[in-house]
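Undergrad: I have a structure here, written as structure tokens, and I will follow up with some questions on it.
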Amino acid sequence: MDVLNKLLREMPPADWVALAFYFVAWIGYAVFARRRARHRPSVLGATNRERARWMTQMARRDNRIVDAGVVQALSSSPSFFASTTILIIGGLFAVLSSAERVSDLVHEIPFATHSTVLIFDLKILLLLATFVYAFFRCTWSLRQYGFGAILVGAAPLPDQFADDAEREAYALRAGRVMGLAAESFNDGLRAYYMSFAACAWFLSPWAMIVGMLCVVTILFRREFKSEVLAELNKPPLGRRAG
């Protein structure tokens, strides 16, 4: 309680505005992107559609070695980011243990605003919270890809399905698990983007606000206005030929 009261006295209003804007912009964009994806094309929605098609083709194949290799390749990205996040969290704890000395070094950066050690600790804690969230989302994505690999391995052979409806239902279930894994990884990767805006807080609260606006704009353009989305939304060759 004493620390909170001290923080309320020492932290300028601009920093409180920047901190609130950080969470409002992050949560607000996540909600906006999820709702917009239900009605408008998005990269995640387009790739989830292709994952469902992939699982449909997998259920029709006798040999699933290629499918298992693709699952392993997809799971390597969240595995890499989870490992990297652990190193970043360890580094941030090291900075937190010597905050006073590091704070003096940061204040030597041109245009950096001067703040107390307590406020500097809060900025480090914000980064820690961001990367802890990224770690949990990446590791959950990794586990979900593992569940997807189990579904690929456990898939009956094409002639063992009772009918096409049962095959389609199994493929949709496996595709949904793969899609959930991709969504979890997307959340973890989004946290990495947000951390760059949090780093701008060491310069000034206004730099953090501008950084968040830039990050949100980049995320929006990549998820809803990118060239790769236009390519993903093109009909498959087989469907166009028919």
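Chains: A, B, ... in order of the structure tokens. Residues: from 1 per chain. Ligands: from 1, in order shown.
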Which residues are near segment 67-69 of chain A? Cut-off 12 Å, only C-alpha atoms, ignore same chain within fewer than 5 positions. Put them as a ChimeraX atom specification.

TA: /A:51,54-62,74-76,145-155,174,178

Undergrad: Which of segment 61-191 of chain A counts as helix (DSSP H, G or I) under DSSP, as a PyMOL selection string please?

TA: chain A and resi 65-97+99-107+117-154+158-160+164-191

Undergrad: Can you pull out the residues contacting segment 181-193 of chain A? Cut-off 6 Å, using only C-alpha atoms, and skip same-chain residues under 4 positions away; I want them as a PyMOL selection string.

TA: chain A and resi 134+137-138+141+144-145
